[in-house]
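K.L.:
run_1.tsv (TSV, C-alpha atoms) pasted underneath:
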```tsv
chain	number	residue	atom	x	y	z
A	1	MET	CA	0.00	0.00	0.00
A	2	GLN	CA	1.37	3.40	-0.97
A	3	THR	CA	-0.62	5.43	1.52
A	4	SER	CA	1.24	8.10	3.39
A	5	LYS	CA	0.97	7.51	7.13
A	6	LYS	CA	0.36	11.21	7.61
A	7	LEU	CA	-3.39	11.53	7.80
A	8	PRO	CA	-4.77	15.06	8.46
A	9	LYS	CA	-3.80	16.79	11.72
A	10	GLU	CA	-7.21	18.39	12.14
A	11	LYS	CA	-10.44	16.46	12.27
A	12	ILE	CA	-11.99	16.22	8.81
A	13	LEU	CA	-15.19	14.48	7.82
A	14	LEU	CA	-15.74	13.10	4.31
A	15	VAL	CA	-19.30	12.52	3.18
A	16	GLY	CA	-20.51	10.42	0.26
A	17	PHE	CA	-24.00	9.39	-0.78
A	18	PRO	CA	-25.61	8.23	-4.05
A	19	SER	CA	-25.97	11.11	-6.51
A	20	ASN	CA	-25.10	11.84	-10.16
A	21	GLY	CA	-22.93	9.08	-11.63
A	22	LEU	CA	-22.62	7.58	-8.10
A	23	VAL	CA	-19.38	9.57	-7.91
A	24	GLY	CA	-19.61	10.22	-4.15
A	25	THR	CA	-20.41	6.59	-3.43
A	26	PHE	CA	-17.52	5.20	-5.50
A	27	THR	CA	-15.04	7.75	-4.18
A	28	ILE	CA	-15.81	7.38	-0.49
A	29	SER	CA	-16.15	3.59	-0.65
A	30	TYR	CA	-12.78	3.35	-2.32
A	31	LEU	CA	-11.09	5.54	0.28
A	32	VAL	CA	-12.63	3.58	3.15
A	33	HIS	CA	-11.38	0.38	1.56
A	34	TYR	CA	-7.96	1.75	0.62
A	35	LEU	CA	-7.22	3.46	3.94
A	36	GLU	CA	-8.61	0.46	5.84
A	37	MET	CA	-10.86	2.69	7.90
A	38	LYS	CA	-12.74	1.19	10.83
A	39	ALA	CA	-16.55	1.26	11.12
A	40	ILE	CA	-17.43	3.07	14.35
A	41	GLY	CA	-21.14	3.79	14.09
A	42	GLU	CA	-24.28	4.32	12.06
A	43	ILE	CA	-27.04	6.83	11.39
A	44	GLU	CA	-30.66	5.72	11.58
A	45	HIS	CA	-33.78	7.45	10.31
A	46	PRO	CA	-37.37	6.29	10.82
A	47	ASP	CA	-38.37	7.34	7.28
A	48	LEU	CA	-35.69	5.30	5.55
A	49	PRO	CA	-36.93	2.01	4.11
A	50	PRO	CA	-35.92	-0.70	6.57
A	51	THR	CA	-32.74	-1.96	4.94
A	52	LEU	CA	-29.75	-3.89	6.18
A	53	PHE	CA	-26.94	-5.55	4.30
A	54	VAL	CA	-25.34	-8.82	5.21
A	55	GLU	CA	-21.75	-9.26	4.19
A	56	ASP	CA	-19.86	-12.38	5.14
A	57	GLY	CA	-22.43	-12.97	7.86
A	58	GLU	CA	-22.00	-9.47	9.31
A	59	ILE	CA	-25.05	-7.19	9.51
A	60	LEU	CA	-24.35	-3.71	8.15
A	61	PRO	CA	-26.59	-0.63	8.28
A	62	PRO	CA	-27.03	1.52	5.14
A	63	ILE	CA	-25.54	4.73	6.62
A	64	ARG	CA	-22.23	4.04	8.30
A	65	ILE	CA	-19.56	6.08	10.06
A	66	TYR	CA	-15.89	5.21	9.67
A	67	LYS	CA	-12.76	6.61	11.29
A	68	LYS	CA	-9.01	6.45	11.04
A	69	ASN	CA	-6.99	8.84	13.20
A	70	ASN	CA	-8.44	12.29	12.51
A	71	LEU	CA	-10.22	11.30	9.34
A	72	TYR	CA	-13.93	10.53	9.62
A	73	VAL	CA	-16.29	9.26	6.94
A	74	VAL	CA	-20.06	9.14	6.69
A	75	MET	CA	-21.22	7.03	3.82
A	76	SER	CA	-24.70	6.09	2.67
A	77	ASP	CA	-25.61	3.26	0.35
A	78	LEU	CA	-29.19	4.52	0.10
A	79	PRO	CA	-30.33	7.55	-1.90
A	80	PHE	CA	-32.52	9.95	0.08
A	81	ASP	CA	-35.91	11.47	-0.56
A	82	PRO	CA	-36.17	15.26	-0.01
A	83	PHE	CA	-37.39	15.01	3.59
A	84	VAL	CA	-34.74	12.55	4.71
A	85	ALA	CA	-32.06	14.67	2.97
A	86	TYR	CA	-32.65	17.59	5.37
A	87	ASP	CA	-32.60	15.33	8.42
A	88	PHE	CA	-29.46	13.62	7.13
A	89	ALA	CA	-27.74	17.01	6.73
A	90	GLU	CA	-28.76	18.11	10.22
A	91	SER	CA	-27.55	14.80	11.69
A	92	ILE	CA	-24.17	15.24	10.02
A	93	LEU	CA	-23.90	18.80	11.35
A	94	ASP	CA	-24.81	17.61	14.82
A	95	TYR	CA	-22.22	14.83	14.60
A	96	CYS	CA	-19.56	17.35	13.52
A	97	LYS	CA	-20.32	19.61	16.47
A	98	LYS	CA	-20.17	16.75	18.96
A	99	ASN	CA	-16.87	15.49	17.57
A	100	GLN	CA	-15.14	18.86	17.02
A	101	ILE	CA	-14.84	18.30	13.28
A	102	LYS	CA	-13.06	21.29	11.71
A	103	LYS	CA	-14.26	20.92	8.15
A	104	ILE	CA	-16.21	18.57	5.94
A	105	ILE	CA	-15.67	17.53	2.35
A	106	ILE	CA	-18.60	16.30	0.28
A	107	ILE	CA	-17.98	14.44	-2.95
A	108	SER	CA	-20.58	14.52	-5.67
A	109	GLY	CA	-21.05	14.41	-9.42
A	110	MET	CA	-22.39	16.95	-11.87
A	111	GLU	CA	-23.32	17.06	-15.50
A	112	THR	CA	-21.92	20.02	-17.39
A	113	VAL	CA	-22.99	21.26	-20.81
A	114	ASN	CA	-19.56	21.13	-22.45
A	115	ARG	CA	-18.36	17.97	-20.74
A	116	ASP	CA	-15.49	16.26	-22.49
A	117	PRO	CA	-15.78	12.57	-21.56
A	118	LYS	CA	-12.10	12.11	-22.43
A	119	SER	CA	-10.92	14.53	-19.75
A	120	PRO	CA	-13.46	15.00	-16.97
A	121	LYS	CA	-12.89	17.96	-14.70
A	122	ILE	CA	-13.60	18.65	-11.08
A	123	PHE	CA	-14.97	21.83	-9.53
A	124	GLY	CA	-15.06	23.06	-5.97
A	125	LEU	CA	-17.63	25.02	-4.01
A	126	VAL	CA	-17.06	26.27	-0.47
A	127	THR	CA	-19.53	27.43	2.15
A	128	HIS	CA	-17.08	29.71	4.01
A	129	GLN	CA	-14.49	32.23	2.93
A	130	SER	CA	-11.89	30.37	5.00
A	131	LEU	CA	-11.82	27.52	2.46
A	132	GLU	CA	-11.42	29.72	-0.63
A	133	LYS	CA	-7.65	29.56	-0.29
A	134	LEU	CA	-7.79	25.78	-0.31
A	135	LEU	CA	-9.32	25.83	-3.80
A	136	TYR	CA	-6.54	28.14	-4.99
A	137	ASP	CA	-3.74	26.17	-3.29
A	138	TYR	CA	-4.80	22.88	-4.84
A	139	GLY	CA	-5.70	24.32	-8.24
A	140	ILE	CA	-9.37	23.35	-8.05
A	141	PRO	CA	-11.52	25.52	-10.34
A	142	LYS	CA	-14.44	27.11	-8.57
A	143	PHE	CA	-17.99	26.04	-9.40
A	144	LEU	CA	-19.24	29.41	-10.62
A	145	ALA	CA	-22.81	29.00	-11.81
A	146	GLY	CA	-25.54	26.38	-11.86
A	147	SER	CA	-28.32	25.01	-9.71
A	148	ILE	CA	-27.95	22.45	-6.95
A	149	PHE	CA	-30.76	20.35	-5.58
A	150	GLY	CA	-31.29	17.28	-3.48
A	151	THR	CA	-29.04	16.02	-0.71
A	152	ASP	CA	-26.15	18.22	-1.90
A	153	ALA	CA	-28.29	21.31	-1.44
A	154	ALA	CA	-29.54	20.15	1.96
A	155	MET	CA	-25.94	19.63	3.13
A	156	ILE	CA	-24.79	23.01	1.83
A	157	THR	CA	-27.77	24.76	3.41
A	158	ALA	CA	-27.07	23.18	6.80
A	159	PHE	CA	-23.34	23.91	6.82
A	160	ARG	CA	-23.34	27.44	5.38
A	161	LYS	CA	-25.39	28.53	8.38
A	162	SER	CA	-22.99	26.83	10.80
A	163	LYS	CA	-19.43	27.59	11.91
A	164	ILE	CA	-18.12	24.43	10.27
A	165	PRO	CA	-16.98	25.05	6.68
A	166	ALA	CA	-17.75	22.60	3.89
A	167	LEU	CA	-15.95	21.96	0.63
A	168	ILE	CA	-18.01	20.30	-2.08
A	169	LEU	CA	-16.09	18.62	-4.87
A	170	TYR	CA	-18.12	18.14	-8.04
A	171	ALA	CA	-16.65	15.77	-10.60
A	172	GLU	CA	-18.04	15.97	-14.12
A	173	CYS	CA	-19.84	12.73	-14.88
A	174	HIS	CA	-22.57	11.04	-16.81
A	175	PRO	CA	-25.70	11.92	-14.82
A	176	PHE	CA	-27.68	8.76	-15.52
A	177	PHE	CA	-25.04	6.02	-15.62
A	178	PRO	CA	-22.61	4.87	-12.91
A	179	ASP	CA	-19.37	6.70	-13.63
A	180	PRO	CA	-16.46	5.20	-11.65
A	181	GLU	CA	-14.07	6.86	-14.11
A	182	ALA	CA	-15.25	10.28	-12.92
A	183	SER	CA	-14.70	9.17	-9.35
A	184	ILE	CA	-11.00	8.61	-10.07
A	185	ILE	CA	-10.47	12.34	-10.54
A	186	ALA	CA	-12.43	12.90	-7.32
A	187	ILE	CA	-10.21	10.40	-5.47
A	188	THR	CA	-6.98	11.99	-6.73
A	189	THR	CA	-8.22	15.51	-5.94
A	190	LEU	CA	-9.35	14.45	-2.49
A	191	ALA	CA	-5.98	12.78	-1.88
A	192	ARG	CA	-4.25	16.08	-2.76
A	193	VAL	CA	-6.48	18.06	-0.44
A	194	LEU	CA	-5.91	15.58	2.39
A	195	GLU	CA	-2.21	15.39	1.47
A	196	ILE	CA	-2.19	11.62	1.35
A	197	LYS	CA	-1.19	9.23	-1.41
A	198	VAL	CA	-3.88	7.00	-2.86
A	199	ASP	CA	-3.18	4.45	-5.57
A	200	THR	CA	-6.22	4.22	-7.88
A	201	THR	CA	-5.05	1.12	-9.78
A	202	ASP	CA	-7.57	-1.10	-8.06
A	203	ILE	CA	-10.62	0.96	-9.05
A	204	GLN	CA	-9.26	1.55	-12.56
A	205	LYS	CA	-9.13	-2.21	-13.12
A	206	LYS	CA	-12.76	-2.57	-12.06
A	207	ILE	CA	-14.43	0.29	-13.92
A	208	GLU	CA	-16.51	-1.88	-16.25
A	209	TRP	CA	-17.52	-4.32	-13.50
A	210	LEU	CA	-18.57	-1.50	-11.19
A	211	ARG	CA	-20.78	-0.07	-13.93
A	212	ILE	CA	-22.63	-3.38	-14.28
A	213	GLN	CA	-22.85	-4.05	-10.56
A	214	HIS	CA	-24.39	-0.70	-9.69
A	215	ARG	CA	-27.17	-0.45	-12.27
A	216	ASN	CA	-29.83	-0.84	-9.58
A	217	LEU	CA	-28.36	1.69	-7.20
A	218	MET	CA	-28.10	4.13	-10.13
A	219	GLU	CA	-31.75	3.61	-11.06
A	220	GLU	CA	-32.88	4.14	-7.48
A	221	THR	CA	-30.70	7.24	-7.21
A	222	ILE	CA	-32.20	8.70	-10.39
A	223	ARG	CA	-35.67	8.16	-8.98
A	224	SER	CA	-34.71	9.97	-5.77
A	225	LEU	CA	-33.02	12.82	-7.65
A	226	GLN	CA	-36.06	13.28	-9.86
A	227	GLN	CA	-38.28	13.27	-6.79
A	228	GLN	CA	-36.04	15.89	-5.18
A	229	GLN	CA	-36.02	17.99	-8.36
A	230	GLN	CA	-39.81	17.86	-8.58
A	231	GLU	CA	-40.09	18.96	-4.96
A	232	LYS	CA	-37.92	21.96	-5.83
A	233	LYS	CA	-39.62	22.87	-9.08
A	234	PRO	CA	-43.24	21.83	-8.99
A	235	GLY	CA	-44.72	21.46	-12.42
A	236	LYS	CA	-41.45	20.84	-14.19
A	237	ALA	CA	-41.48	17.61	-16.13
A	238	PRO	CA	-38.65	15.24	-15.18
A	239	GLN	CA	-36.10	14.25	-17.78
A	240	ILE	CA	-37.10	11.12	-19.56
A	241	TYR	CA	-35.38	8.10	-18.08
A	242	ARG	CA	-36.12	4.54	-19.01
B	1	MET	CA	-17.35	-12.22	-11.44
B	2	ILE	CA	-17.07	-13.79	-8.03
B	3	GLU	CA	-16.38	-11.12	-5.49
B	4	ASN	CA	-13.36	-11.44	-3.27
B	5	LYS	CA	-13.82	-10.59	0.41
B	6	ASP	CA	-10.96	-8.08	0.37
B	7	GLU	CA	-12.01	-6.31	-2.80
B	8	PHE	CA	-13.38	-2.82	-2.97
B	9	ARG	CA	-17.13	-2.88	-3.37
B	10	ILE	CA	-20.28	-1.03	-2.58
B	11	LEU	CA	-23.37	-2.52	-1.06
B	12	SER	CA	-26.34	-2.36	-3.35
B	13	PRO	CA	-29.66	-1.65	-1.68
B	14	SER	CA	-31.79	-3.49	-4.17
B	15	ILE	CA	-32.44	-7.12	-4.70
B	16	ASN	CA	-34.55	-6.65	-7.78
B	17	SER	CA	-31.89	-6.83	-10.47
B	18	LEU	CA	-32.65	-10.49	-10.80
B	19	LEU	CA	-36.22	-9.48	-11.61
B	20	ASN	CA	-35.23	-7.03	-14.37
B	21	ASP	CA	-32.60	-9.34	-15.80
B	22	ASP	CA	-33.49	-12.55	-17.61
B	23	ILE	CA	-31.77	-15.39	-15.79
B	24	ASP	CA	-32.92	-18.10	-18.23
B	25	GLN	CA	-31.62	-16.18	-21.23
B	26	GLN	CA	-28.51	-15.05	-19.30
B	27	THR	CA	-29.42	-11.51	-20.28
B	28	LEU	CA	-28.84	-8.31	-18.36
B	29	SER	CA	-30.97	-5.23	-18.81
B	30	PRO	CA	-28.64	-2.28	-19.49
B	31	LEU	CA	-29.19	1.20	-18.13
B	32	SER	CA	-30.46	3.60	-20.76
B	33	CYS	CA	-31.67	7.14	-21.04
B	34	LEU	CA	-33.63	9.02	-23.63
B	35	ARG	CA	-33.39	12.75	-24.25
B	36	GLU	CA	-35.57	14.74	-26.57
B	37	PHE	CA	-34.23	17.51	-28.76
B	38	GLU	CA	-36.03	19.72	-31.27
B	39	SER	CA	-35.33	17.52	-34.28
B	40	ASN	CA	-34.15	14.22	-32.84
B	41	TRP	CA	-34.07	11.74	-30.00
B	42	LEU	CA	-30.82	10.88	-28.27
B	43	LEU	CA	-30.85	7.40	-26.84
B	44	GLU	CA	-27.95	6.20	-24.70
B	45	PHE	CA	-27.16	2.71	-23.40
B	46	ASP	CA	-24.51	1.89	-20.84
B	47	LEU	CA	-22.77	-1.20	-22.20
B	48	PRO	CA	-19.64	-1.95	-20.18
B	49	LEU	CA	-17.72	-5.16	-20.96
B	50	VAL	CA	-18.85	-5.00	-24.59
B	51	ASN	CA	-16.94	-4.68	-27.87
B	52	LYS	CA	-18.41	-2.55	-30.68
B	53	LYS	CA	-18.51	-5.48	-33.10
B	54	ASP	CA	-20.78	-7.43	-30.74
B	55	ILE	CA	-23.60	-4.86	-30.66
B	56	LYS	CA	-26.76	-5.23	-32.74
B	57	ILE	CA	-29.24	-2.37	-33.11
B	58	THR	CA	-32.61	-2.94	-34.73
B	59	PHE	CA	-35.64	-0.76	-35.42
B	60	ASP	CA	-39.26	-1.80	-35.76
B	61	GLU	CA	-41.51	1.22	-36.28
B	62	ASN	CA	-40.87	3.24	-33.12
B	63	LEU	CA	-39.25	0.37	-31.21
B	64	VAL	CA	-35.49	0.35	-30.79
B	65	SER	CA	-33.76	-2.85	-29.68
B	66	VAL	CA	-30.16	-3.21	-28.60
B	67	GLU	CA	-28.46	-6.54	-28.06
B	68	ALA	CA	-24.83	-7.03	-27.14
B	69	LYS	CA	-22.65	-9.95	-26.16
B	70	LEU	CA	-20.39	-9.46	-23.15
B	71	LYS	CA	-16.69	-10.00	-23.78
B	72	GLU	CA	-16.51	-11.84	-20.43
B	73	SER	CA	-19.35	-13.49	-18.60
B	74	TYR	CA	-20.67	-11.64	-15.57
B	75	SER	CA	-21.74	-13.51	-12.44
B	76	GLU	CA	-23.80	-12.21	-9.62
B	77	GLU	CA	-24.81	-13.86	-6.40
B	78	LYS	CA	-28.04	-12.66	-4.85
B	79	LEU	CA	-30.06	-14.44	-2.21
B	80	GLY	CA	-27.63	-17.30	-2.45
B	81	ILE	CA	-28.19	-17.85	-6.16
B	82	GLN	CA	-25.14	-17.68	-8.39
B	83	THR	CA	-26.24	-16.43	-11.80
B	84	LYS	CA	-24.16	-16.05	-14.95
B	85	PHE	CA	-24.93	-13.51	-17.68
B	86	GLU	CA	-23.60	-13.38	-21.23
B	87	TYR	CA	-25.67	-10.64	-22.93
B	88	PHE	CA	-27.23	-7.22	-22.61
B	89	LYS	CA	-30.65	-6.77	-24.17
B	90	LYS	CA	-33.27	-4.04	-24.08
B	91	THR	CA	-36.11	-2.75	-26.25
B	92	LEU	CA	-37.48	0.76	-25.90
B	93	SER	CA	-40.50	2.37	-27.42
B	94	LEU	CA	-40.02	5.99	-28.51
B	95	PRO	CA	-42.96	8.28	-27.85
B	96	GLY	CA	-43.18	9.75	-31.36
B	97	LYS	CA	-42.70	8.90	-35.03
B	98	ILE	CA	-39.07	8.41	-35.99
B	99	ASN	CA	-36.98	8.35	-39.14
B	100	SER	CA	-34.98	5.22	-38.41
B	101	LYS	CA	-33.31	5.20	-41.83
B	102	LYS	CA	-31.42	8.33	-40.89
B	103	ALA	CA	-30.45	7.12	-37.41
B	104	SER	CA	-26.77	7.02	-36.50
B	105	ALA	CA	-24.85	5.37	-33.66
B	106	LYS	CA	-21.57	5.86	-31.82
B	107	PHE	CA	-19.87	3.64	-29.26
B	108	THR	CA	-17.32	5.25	-26.96
B	109	LYS	CA	-15.97	3.95	-23.66
B	110	GLY	CA	-18.72	1.37	-23.35
B	111	ARG	CA	-21.53	3.86	-23.99
B	112	LEU	CA	-23.73	3.53	-27.03
B	113	THR	CA	-25.31	6.72	-28.32
B	114	ILE	CA	-28.04	6.50	-30.96
B	115	THR	CA	-29.28	9.66	-32.62
B	116	ILE	CA	-32.69	9.21	-34.19
B	117	PRO	CA	-34.23	12.01	-36.24
B	118	LYS	CA	-37.91	12.71	-35.67
B	119	GLN	CA	-40.29	12.17	-38.56
B	120	VAL	CA	-41.53	15.55	-39.64
B	121	THR	CA	-45.22	15.45	-40.45
B	122	GLY	CA	-48.02	18.00	-40.54
B	123	HIS	CA	-48.54	21.13	-42.57
B	124	LYS	CA	-47.89	24.84	-42.30
B	125	ILE	CA	-50.63	27.32	-41.65
B	126	LYS	CA	-50.74	30.93	-42.58
B	127	ILE	CA	-50.76	33.61	-39.89
B	128	GLU	CA	-53.63	36.01	-40.48
```
Rewrite the coordinates I just gave you, this time as structure tokens.
P.N.:
Amino acid sequence: MQTSKKLPKEKILLVGFPSNGLVGTFTISYLVHYLEMKAIGEIEHPDLPPTLFVEDGEILPPIRIYKKNNLYVVMSDLPFDPFVAYDFAESILDYCKKNQIKKIIIISGMETVNRDPKSPKIFGLVTHQSLEKLLYDYGIPKFLAGSIFGTDAAMITAFRKSKIPALILYAECHPFFPDPEASIIAITTLARVLEIKVDTTDIQKKIEWLRIQHRNLMEETIRSLQQQQQEKKPGKAPQIYR
Amino acid sequence: MIENKDEFRILSPSINSLLNDDIDQQTLSPLSCLREFESNWLLEFDLPLVNKKDIKITFDENLVSVEAKLKESYSEEKLGIQTKFEYFKKTLSLPGKINSKKASAKFTKGRLTITIPKQVTGHKIKIE
């Protein structure tokens, strides 16, 4: 393993949940696996469909918390409806306050009009002035214009009103298909920001398999995103998805 | 593909892929999306593990069918059942009349894009 032993000095929380291209899910899952992070807890919500996973005989909840030194992760394997998204965001904020987390980084995907599939880009958005410098230092172009809805928006809304700053990394991706390739740029950017080394060979080898394996999660995520978009813009017809 | 315990993976919340996919025919249902533009339809299929030469696209009125053979078989174990798949297959019905003779297709990085012009019908009216 080529990981630097130097994990961040300050407490940082990474958050990933199913969204466009499943970029956040792929990125955070890979880091948890690669850094061999330890599961330390879970988040429950009464409105989530009762779901558990069984892996090698172990029962796993859908929203899990991982930790290694000062690095924390909250990862969901379930997409959220609009109401759960707000509660999820508030729970994360509450967790950050209780654990003296200094900043959070959310990984997500976005579709851009002039996307070049051969060289996907990543954009950053910050909730507090204090993180602007971070974008400049790591050469991350700023997300300048566009609309955000769903869980991303709920998270940003919760954190911009708090004292804990959030950085949102948006990797360009295909919005309707699982896009592990886009998550590679998110992983490498995240590794730079955290100043750790992460070898992406393992995920690169599995790109095609991951796309097949996560067809269902992608479909369920699209349904949730369309539901969230409709909540935001009543009357607007959803994009056709079959 | 049989998953290794130590491999990177994500838990999938759904158990219904076996319902969408055809186990007897060893056929997977690919993800697809349809976008409407002024003069055409853009239909995309996600076809990982497929070579361009192994894709077949057919039209029947406003039905579009895509079949593709996987370059490696794909195995999935759900609810204790080990299932092997060899093909992708899906048929979609477009909501309007199409000009299939002028359709074109591109396959890049495992994504098939089919552009299908709309059939222009109707007549002009004069503005009084």
K.L.:
I need the chain A residues near chain B as a VMD selection string; criterion: at most 9 Å, counting only C-alpha atoms.
P.N.:
chain A and resid 25 to 26 29 to 30 32 to 34 51 to 53 55 to 56 62 77 to 78 117 176 to 178 202 to 203 207 to 220 239 to 242
K.L.:
What is the distance, in Å and to one decimal place, between atom CA of Lys197 of chain A and atom CA of Ser108 of chain A?
P.N.:
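Separating atom CA of Lys197 of chain A from atom CA of Ser108 of chain A is a distance of 20.5 Å.
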K.L.:
Quote the spacing between atom CA of Ile43 of chain A and atom CA of Leu169 of chain A in Å to one decimal place.
P.N.:
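So the two atoms, atom CA of Ile43 of chain A and atom CA of Leu169 of chain A, lie 22.9 Å apart.
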K.L.:
In Å, how far is it from atom CA of Ser183 of chain A to atom CA of Glu86 of chain B?
P.N.:
27.0 Å
K.L.:
I'd like the contact shell of Cys96 of chain A - 12 Å cut-off, all atoms listed in the file, skipping same-chain residues fewer than 4 positions apart - returned as a PyMOL selection string.
P.N.:
chain A and resi 11-15+65+71-74+89-92+100-105+158-159+162-166
K.L.:
Counting only C-alpha atoms, what is within 8 Å of segment 97-107 of chain B, bar same-chain residues fewer than 6 positions away, as a list in words?
P.N.:
Lys52, Phe59, Glu61, Asn62, Thr113, Ile114, Thr115, Ile116, Pro117, Lys118 and Gln119 of chain B
K.L.:
Using all atoms listed in the file, can you list as a ChimeraX atom specification the residues within 8 Å of (-6.5, 8.6, 9.4)?
P.N.:
/A:5-8,35,37,67-72
K.L.:
Pick out the closest residue to Asn51 of chain B from this set: B:Glu128, B:Glu77, B:Glu72, B:Glu38. Count all atoms listed in the file.
P.N.:
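Nearest candidate to Asn51 of chain B out of B:Glu128, B:Glu77, B:Glu72, B:Glu38: B:Glu72.
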K.L.:
Complete the atoms of segment 188-206 of chain A to N, CA and C atoms and put them out as an mmCIF file, in the frame of the given file.
P.N.:
```cif
data_model
loop_
_atom_site.group_PDB
_atom_site.id
_atom_site.type_symbol
_atom_site.label_atom_id
_atom_site.label_comp_id
_atom_site.auth_asym_id
_atom_site.auth_seq_id
_atom_site.Cartn_x
_atom_site.Cartn_y
_atom_site.Cartn_z
ATOM 1 N N THR A 188 -8.318 11.373 -6.668
ATOM 2 C CA THR A 188 -6.980 11.990 -6.730
ATOM 3 C C THR A 188 -7.022 13.423 -6.192
ATOM 4 N N THR A 189 -8.109 14.138 -6.466
ATOM 5 C CA THR A 189 -8.220 15.510 -5.940
ATOM 6 C C THR A 189 -8.350 15.481 -4.423
ATOM 7 N N LEU A 190 -9.163 14.579 -3.937
ATOM 8 C CA LEU A 190 -9.350 14.450 -2.490
ATOM 9 C C LEU A 190 -8.030 14.079 -1.812
ATOM 10 N N ALA A 191 -7.287 13.187 -2.439
ATOM 11 C CA ALA A 191 -5.980 12.780 -1.880
ATOM 12 C C ALA A 191 -5.043 13.990 -1.783
ATOM 13 N N ARG A 192 -5.089 14.867 -2.796
ATOM 14 C CA ARG A 192 -4.250 16.080 -2.760
ATOM 15 C C ARG A 192 -4.664 16.988 -1.621
ATOM 16 N N VAL A 193 -5.981 17.164 -1.496
ATOM 17 C CA VAL A 193 -6.480 18.060 -0.440
ATOM 18 C C VAL A 193 -6.133 17.512 0.952
ATOM 19 N N LEU A 194 -6.215 16.193 1.093
ATOM 20 C CA LEU A 194 -5.910 15.580 2.390
ATOM 21 C C LEU A 194 -4.414 15.352 2.571
ATOM 22 N N GLU A 195 -3.675 15.591 1.484
ATOM 23 C CA GLU A 195 -2.210 15.390 1.470
ATOM 24 C C GLU A 195 -1.845 13.961 1.857
ATOM 25 N N ILE A 196 -2.527 13.031 1.197
ATOM 26 C CA ILE A 196 -2.190 11.620 1.350
ATOM 27 C C ILE A 196 -2.016 11.027 -0.048
ATOM 28 N N LYS A 197 -1.352 9.891 -0.113
ATOM 29 C CA LYS A 197 -1.190 9.230 -1.410
ATOM 30 C C LYS A 197 -2.219 8.115 -1.521
ATOM 31 N N VAL A 198 -2.919 8.086 -2.637
ATOM 32 C CA VAL A 198 -3.880 7.000 -2.860
ATOM 33 C C VAL A 198 -3.647 6.426 -4.245
ATOM 34 N N ASP A 199 -3.388 5.140 -4.294
ATOM 35 C CA ASP A 199 -3.180 4.450 -5.570
ATOM 36 C C ASP A 199 -4.558 4.048 -6.118
ATOM 37 N N THR A 200 -4.884 4.495 -7.328
ATOM 38 C CA THR A 200 -6.220 4.220 -7.880
ATOM 39 C C THR A 200 -6.236 2.995 -8.825
ATOM 40 N N THR A 201 -5.129 2.263 -8.848
ATOM 41 C CA THR A 201 -5.050 1.120 -9.780
ATOM 42 C C THR A 201 -6.209 0.150 -9.587
ATOM 43 N N ASP A 202 -6.546 -0.113 -8.353
ATOM 44 C CA ASP A 202 -7.570 -1.100 -8.060
ATOM 45 C C ASP A 202 -8.933 -0.709 -8.661
ATOM 46 N N ILE A 203 -9.312 0.539 -8.513
ATOM 47 C CA ILE A 203 -10.620 0.960 -9.050
ATOM 48 C C ILE A 203 -10.550 1.070 -10.572
ATOM 49 N N GLN A 204 -9.393 1.449 -11.100
ATOM 50 C CA GLN A 204 -9.260 1.550 -12.560
ATOM 51 C C GLN A 204 -9.481 0.191 -13.224
ATOM 52 N N LYS A 205 -8.985 -0.862 -12.568
ATOM 53 C CA LYS A 205 -9.130 -2.210 -13.120
ATOM 54 C C LYS A 205 -10.593 -2.663 -13.136
ATOM 55 N N LYS A 206 -11.397 -2.060 -12.254
ATOM 56 C CA LYS A 206 -12.760 -2.570 -12.060
ATOM 57 C C LYS A 206 -13.842 -1.684 -12.657
#
```
